[in-house]
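Student: What follows is a single structure, and I will ask about it in a moment.
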Amino acid sequence: MNLVKASKLKILSFDEQIIVFDPNTGQTHCLDSNVNEIFSQLQPNQAITLSQLQQFYIPEDCPSEEKSVLNSYIQDMINNLLRLKLVFAG
Amino acid sequence: MSHKNILKHLSRQEIDHQLNHQGLVLSIGPFVFCIQSNESSIAKNVQRIYCDFQVLTHDDLIDFYVTIKRPSGMRRFIRPQINFYCDDHCPFLPLPVSQAFPLLEWGMNWCIVQHAHRYLLLHSAVVEKNGKSIILPAESGSGKSTLCALLAQSGWRLLSDEMALIDNKDFHLQALARPVSLKNESIRVINQFDKHSVMGEVVDDTAKGTISHLKPTTESVRKMKIKGNAFAFVFPLYQKETSLTVEPIGKADAFMRIIKNSFNYSILGETGFNSVDYLVNHTTAYGLTYSDTEDVLAYFEQLVK
Amino acid sequence: MLHSILLSVLIKPNSVSTFTHAQWNLLLRQASTAKMLTRIEHLLTEHKLLDKVPAKVQSHFYRENVKISHLHTQVKQEIQILNQLFKKNNINPIYLKGTAYFLTDLPLAKSRTFGDIDILLNQEDIAKIEIVLKCQGWISQKSDDHDQEYYRNFMHEIPPMQNMARGTIIDIHHNILPICNKNTINIELLKLNAFTAVQDSNVKGNVLAPEAMFLHSAIHLFHEGEFEQGLRGLSDLDILFQHFDQKEENFSQKLIQLAEKINQGQSLYFAWHYLNKIFERKLPKLATHFVKDFKKKVKLASLHDFIFFNMLISHHSSTKTWSFVLASHLAYWRGHLLRMPLYLLIPHLLKKATITIGESFSKKPKVSKLAADLVIPPQE
């Protein structure tokens, strides 16, 4: 799965949450602040794969059990962002 | 510019004449309304409730032409009804004639909500003391209007009962000082709280129950052109027989509650986002649960000290 | 005829430089009712007259601009969603009217609101797409059987469909005039040279070629029965013509050729004739000749003039006269007759009338929508 971020997003960061305004849809979303880290790796015009993204956040030496939990956590986050049209799969 | 004239200096006859003919032109906050109606209840209530407002002429610029009139045809004799028009447009279903004045008030709200996109419009009351404006969003069960009326009758300046107008350019609050719309039990509460409060006629069986309008204080109307600075959001919740509690609300949470409370946030797009961004970063937001009048008034006093 | 200040500004924008407040008030009311506020703003900007506009009037221009950019955000969204649906089902739609002007980025689009997304499809694709849309949360707006039957048997479109979640309305056509009309248009000729307009990289769609786009707008306006936005319709034609005449080679000639091929010379005649007579626009030579020649062929030319001189000025209580009322009745009947032969029209109108009467008797006293409007902010 190749992932790109929606363009021109405006993000406000607060303690545990972020507020994202998407001028493309006109929608405003309140999301977990961890999403910010995902956003920082994604570009609107250059796609990266889901596994690249997962590799970035999960250290090599991570125990396999923990690794699978983190993998599915990132997967869930991406699914949610896809649903909100903040991220697109190419 | 036209000569300054306050409605209370006009005789009832003069008011009737203007309402019946070309229309009575009133300056209300940043807007100018031209009101036309043959209904005596409109004349009576407008004279009583808007007595401190400035009267303009047809040589001034006018934003909204509003008319309250009976539809033509047989209906006017059996169970007579009344319509609201904004210029030629009739946005609502007709109401019984007894509700003419509430219909005018609702219709004027409608005009502002539909058109005033210079402002971020929040469904909130706004009151001010010591140069600090408090925004009271109207979530259901909040008792916002009662609270707003209590504060207004206790020396607070009333900026608005139904709508907060935040200028999208400088983020100041624009006052309207329109009447406070009181419902059911709160009419009696306010009458008891302040024997001198002036109210319009009491109208039963409206879509919102029994309604009456509280006249804004002369001071609030006089200061209408002075803009307010947003100091805090207080989300009130009236709960019988509880002691007063106050909880701070996080900024992200406040952000989402403010936009949920807005009439035009989604239409404004990025402009609206920027205004709410400014508001949450320059105010503090609280959730307030209350029941006792004295306690709640004391709370607001210390909030703006 | 009472004075339409809106029309006089459209003809002579300079007149605003001496406007009194009372005149601004009247212009504001007429332009607002005609949905032409932004158009006036653009016109005054073009003529460098914006500094003559009082701040209060400018704030009314501003509020309309806010609404238009919100509309454009919504339409972009909707086009993306619809394009995906159509692509999946191998259907190639052509967007019409407001959506097409927006996709093509025409100057007109910046000052024009619209309510529906109009789409032209092949007739054989319609049944399929209707089911697809219904599965995606779109519902048909006309629920009573007579209306459904009327649309399906006689019209050039299916009843409008509305998305339950987003509220957007789409209007699906397979022709641009009713199929029961004796003068049915060979739609393939109109679709010739349709092209893909690119609004931005994510938002694109097929639209009619310039001459077909202009003719469609003219056919639409001069087959209408109701003219609340008649003046805006003529102003649309005005801006479209000025734009294409400048950008396209031999535009007038292309218009005449296409109009003759699809047997719509009269719509083109009306468009040019009234642009010339009402807006006082100077026409290109070719157009002037065409109008002069065609006039001889028009039946009841002076009756048409009476109708359209009344209907194509502003519709506002301040300009209402007896001739306006008479003309609007004539226009209503004319519009219906043009769309449907008399032997179908009379039963249809009778049925419509009985349904409406029936409804008004069975109507229970409704709670005014007012309370809900003002208590609940219009937000999801």
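Chain labels A, B, ... are given in the sequence in which chains occur in the structure tokens; within each chain residues are numbered consecutively from 1, and ligands are likewise numbered from 1 in the order shown.
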Please, which residues of chain B lie no more than 9 Å from chain C when the count uses only C-alpha atoms, and can they be set out as a ChimeraX atom specification?

Tutor: /B:31,58-65,87-89,91-95,103,106-107,109-110,113-118,122-123,138,140,206-208,259-269

Student: Which chain C residues have any atom within 10 Å of an atom of chain A, and for each, what is the nearest pair of atoms with distance in Å to one decimal, counting only C-alpha atoms, rows sorted by chain and number, as CSV?

Tutor:
residue,atom,partner,partner_atom,distance
C:His70,CA,A:Gly26,CA,8.0
C:Thr73,CA,A:Thr25,CA,6.4
C:Gln74,CA,A:Thr25,CA,7.1
C:Val75,CA,A:Thr25,CA,9.8
C:Lys76,CA,A:Asn24,CA,8.1
C:Gln77,CA,A:Thr25,CA,6.4
C:Glu78,CA,A:Thr25,CA,9.8

Student: Set out as a tab-separated table a contact list for chain A and chain B with a cut-off of 9 Å, giving each residue of chain A that qualifies its closest atom pair and distance in Å to one decimal, counting only C-alpha atoms, ordered by chain and rising residue number.

Tutor:
residue	atom	partner	partner_atom	distance
A:Lys10	CA	B:Glu270	CA	8.8
A:Leu12	CA	B:Asp277	CA	8.0
A:Ser13	CA	B:Ala252	CA	8.3
A:Phe14	CA	B:Ala252	CA	6.3
A:Asp15	CA	B:Ala252	CA	8.3
A:Glu16	CA	B:Ala252	CA	8.4
A:Gln17	CA	B:Ala252	CA	6.3
A:Ile18	CA	B:Ala252	CA	6.8
A:Ile19	CA	B:Ala252	CA	6.6
A:Phe21	CA	B:Phe273	CA	7.2
A:Asp22	CA	B:Glu270	CA	8.5
A:Pro23	CA	B:Glu270	CA	6.7
A:Gly26	CA	B:Gly269	CA	5.6
A:Gln27	CA	B:Ser266	CA	7.4
A:Thr28	CA	B:Phe273	CA	8.1
A:His29	CA	B:Met256	CA	8.2
A:Cys30	CA	B:Ala252	CA	7.0

Student: Got a sec: who's within 7 Å of region 260-272 of chain C, counting only C-alpha atoms, leaving out chain neighbours fewer than 5 positions off, as JSON, numbers by chain?

Tutor: {"C": [185, 186, 215, 218, 219, 222, 291, 294]}

Student: Residues as selected, N, CA and C atoms, written as a PDB file, in the first residue's frame, can you do that?

Tutor:
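File out.pdb, as written:
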ATOM      1  N   ILE C 185     -33.806  16.955 -29.391  1.00  0.00           N
ATOM      2  CA  ILE C 185     -32.464  17.279 -29.862  1.00  0.00           C
ATOM      3  C   ILE C 185     -31.657  16.000 -30.048  1.00  0.00           C
ATOM      4  N   ASN C 186     -30.953  15.914 -31.163  1.00  0.00           N
ATOM      5  CA  ASN C 186     -30.033  14.801 -31.353  1.00  0.00           C
ATOM      6  C   ASN C 186     -28.826  15.068 -30.440  1.00  0.00           C
ATOM      7  N   LEU C 215     -25.026  27.078 -26.144  1.00  0.00           N
ATOM      8  CA  LEU C 215     -26.352  26.769 -26.678  1.00  0.00           C
ATOM      9  C   LEU C 215     -27.222  26.079 -25.626  1.00  0.00           C
ATOM     10  N   ALA C 218     -28.619  28.620 -23.419  1.00  0.00           N
ATOM     11  CA  ALA C 218     -29.686  29.377 -24.083  1.00  0.00           C
ATOM     12  C   ALA C 218     -30.967  28.545 -24.202  1.00  0.00           C
ATOM     13  N   ILE C 219     -30.814  27.286 -24.624  1.00  0.00           N
ATOM     14  CA  ILE C 219     -31.988  26.407 -24.770  1.00  0.00           C
ATOM     15  C   ILE C 219     -32.698  26.293 -23.426  1.00  0.00           C
ATOM     16  N   PHE C 222     -34.558  29.639 -22.509  1.00  0.00           N
ATOM     17  CA  PHE C 222     -35.723  30.003 -23.313  1.00  0.00           C
ATOM     18  C   PHE C 222     -36.765  28.886 -23.435  1.00  0.00           C
ATOM     19  N   VAL C 291     -29.578  37.286 -36.511  1.00  0.00           N
ATOM     20  CA  VAL C 291     -30.765  37.752 -35.789  1.00  0.00           C
ATOM     21  C   VAL C 291     -31.758  38.379 -36.759  1.00  0.00           C
ATOM     22  N   PHE C 294     -33.316  35.634 -38.906  1.00  0.00           N
ATOM     23  CA  PHE C 294     -34.138  34.674 -38.180  1.00  0.00           C
ATOM     24  C   PHE C 294     -35.443  35.285 -37.705  1.00  0.00           C
TER      25      PHE C 294
END

Student: Quick one: pick out all strand (DSSP E or B) residues within region 155-251 of chain B from a backbone DSSP run and write them as a PyMOL selection string.

Tutor: chain B and resi 157-160+164-167+173-174+180-183+199+203-206+209-214+228+230-238+245-249

Student: Please identify all polymer residues within 7 Å of region 147-155 of chain B, counting only C-alpha atoms, omitting same-chain residues fewer than 3 positions from it, and present them as a list in words.

Tutor: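 My list of contacting residues is Ala125, Val127, Gly143, Lys144, Leu158, Asp161, Val180, Ile190, Asp194 and Leu297 of chain B.
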
Student: Which of these residues is nearest to Ile94 (chain C), using only C-alpha atoms: C:Ile172, C:Leu49, C:Val16, C:Ala31?

Tutor: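 Looking at the shortest contact to Ile94 (chain C), the residue is C:Ile172.
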
Student: Can you pull out every residue within 12 Å of Ile134 (chain B), counting only C-alpha atoms, but drop anything in the same chain fewer than 3 positions away, and send it as a PyMOL selection string?

Tutor: chain B and resi 124-131+137+144+147-148+151+156-161+164+173+228-236+279+283-286+300-301+303-304

Student: From a DSSP pass on the backbone, collect the residues of region 13-224 of chain B flagged as alpha helix (DSSP H) and hand them back as a PyMOL selection string.

Tutor: chain B and resi 13-20+40-49+100-115+144-152+185-193+218-222

Student: Neighbouring residues of region 36-51 of chain A were defined as those with any atom within 8 Å, considering only C-alpha atoms; residues of the same chain fewer than 6 positions away were excluded. Please report them as a list in words.

Tutor: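 In the requested form, the answer reads Met1, Asn2, Leu3, Val4, Lys5, Ala6, Ser7, Ile18, Gln75 and Gly90 of chain A.
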
Student: Take the residues from that selection and write them out as a PDB file, in the first residue's frame, keeping N, CA, C and O atoms.

Tutor:
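Everything below was put into out-v5.pdb:
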ATOM      1  N   MET A   1       0.840  -1.201   0.000  1.00  0.00           N
ATOM      2  CA  MET A   1       0.000   0.000   0.000  1.00  0.00           C
ATOM      3  C   MET A   1       0.879   1.256   0.000  1.00  0.00           C
ATOM      4  O   MET A   1       1.685   1.455   0.902  1.00  0.00           O
ATOM      5  N   ASN A   2       0.749   2.110  -1.021  1.00  0.00           N
ATOM      6  CA  ASN A   2       1.489   3.375  -1.089  1.00  0.00           C
ATOM      7  C   ASN A   2       0.658   4.488  -0.473  1.00  0.00           C
ATOM      8  O   ASN A   2      -0.496   4.676  -0.848  1.00  0.00           O
ATOM      9  N   LEU A   3       1.290   5.236   0.429  1.00  0.00           N
ATOM     10  CA  LEU A   3       0.508   6.227   1.164  1.00  0.00           C
ATOM     11  C   LEU A   3       0.981   7.656   0.899  1.00  0.00           C
ATOM     12  O   LEU A   3       2.183   7.926   0.891  1.00  0.00           O
ATOM     13  N   VAL A   4       0.000   8.541   0.683  1.00  0.00           N
ATOM     14  CA  VAL A   4       0.306   9.972   0.647  1.00  0.00           C
ATOM     15  C   VAL A   4      -0.645  10.698   1.591  1.00  0.00           C
ATOM     16  O   VAL A   4      -1.726  10.210   1.911  1.00  0.00           O
ATOM     17  N   LYS A   5      -0.189  11.869   2.011  1.00  0.00           N
ATOM     18  CA  LYS A   5      -0.982  12.683   2.939  1.00  0.00           C
ATOM     19  C   LYS A   5      -1.807  13.685   2.134  1.00  0.00           C
ATOM     20  O   LYS A   5      -1.361  14.125   1.065  1.00  0.00           O
ATOM     21  N   ALA A   6      -2.982  14.058   2.612  1.00  0.00           N
ATOM     22  CA  ALA A   6      -3.778  15.106   1.955  1.00  0.00           C
ATOM     23  C   ALA A   6      -2.972  16.402   1.974  1.00  0.00           C
ATOM     24  O   ALA A   6      -2.196  16.639   2.899  1.00  0.00           O
ATOM     25  N   SER A   7      -3.165  17.241   0.948  1.00  0.00           N
ATOM     26  CA  SER A   7      -2.343  18.449   0.863  1.00  0.00           C
ATOM     27  C   SER A   7      -2.921  19.584   1.701  1.00  0.00           C
ATOM     28  O   SER A   7      -4.114  19.616   1.986  1.00  0.00           O
ATOM     29  N   ILE A  18      -4.498  16.536  18.664  1.00  0.00           N
ATOM     30  CA  ILE A  18      -4.263  17.566  17.647  1.00  0.00           C
ATOM     31  C   ILE A  18      -5.599  17.860  16.951  1.00  0.00           C
ATOM     32  O   ILE A  18      -6.492  17.022  16.906  1.00  0.00           O
ATOM     33  N   GLN A  75      -1.298   0.292  11.683  1.00  0.00           N
ATOM     34  CA  GLN A  75      -2.299  -0.082  10.667  1.00  0.00           C
ATOM     35  C   GLN A  75      -3.664   0.542  10.972  1.00  0.00           C
ATOM     36  O   GLN A  75      -4.313   1.127  10.094  1.00  0.00           O
ATOM     37  N   GLY A  90      -2.360   4.838  -2.723  1.00  0.00           N
ATOM     38  CA  GLY A  90      -2.206   4.856  -4.172  1.00  0.00           C
ATOM     39  C   GLY A  90      -1.983   3.456  -4.722  1.00  0.00           C
ATOM     40  O   GLY A  90      -1.691   2.532  -4.014  1.00  0.00           O
TER      41      GLY A  90
END

Student: Just the number, please: distance in Å from CA of Lys183 (chain B) to CA of Asp52 (chain B), one decimal.

Tutor: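 About the pair CA of Lys183 (chain B) and CA of Asp52 (chain B): they are 23.2 Å apart.
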
Student: Grab the CA of Ile187 (chain C) to CA of Ile158 (chain C) distance for me, in Å with one decimal place.

Tutor: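 Straight-line distance from CA of Ile187 (chain C) to CA of Ile158 (chain C) works out to 16.3 Å.
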
Student: Could you jot down the CA of Asp200 (chain C) to CA of Phe251 (chain C) separation for me, Å, one decimal place?

Tutor: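 According to the coordinates, CA of Asp200 (chain C) and CA of Phe251 (chain C) are separated by 26.2 Å.
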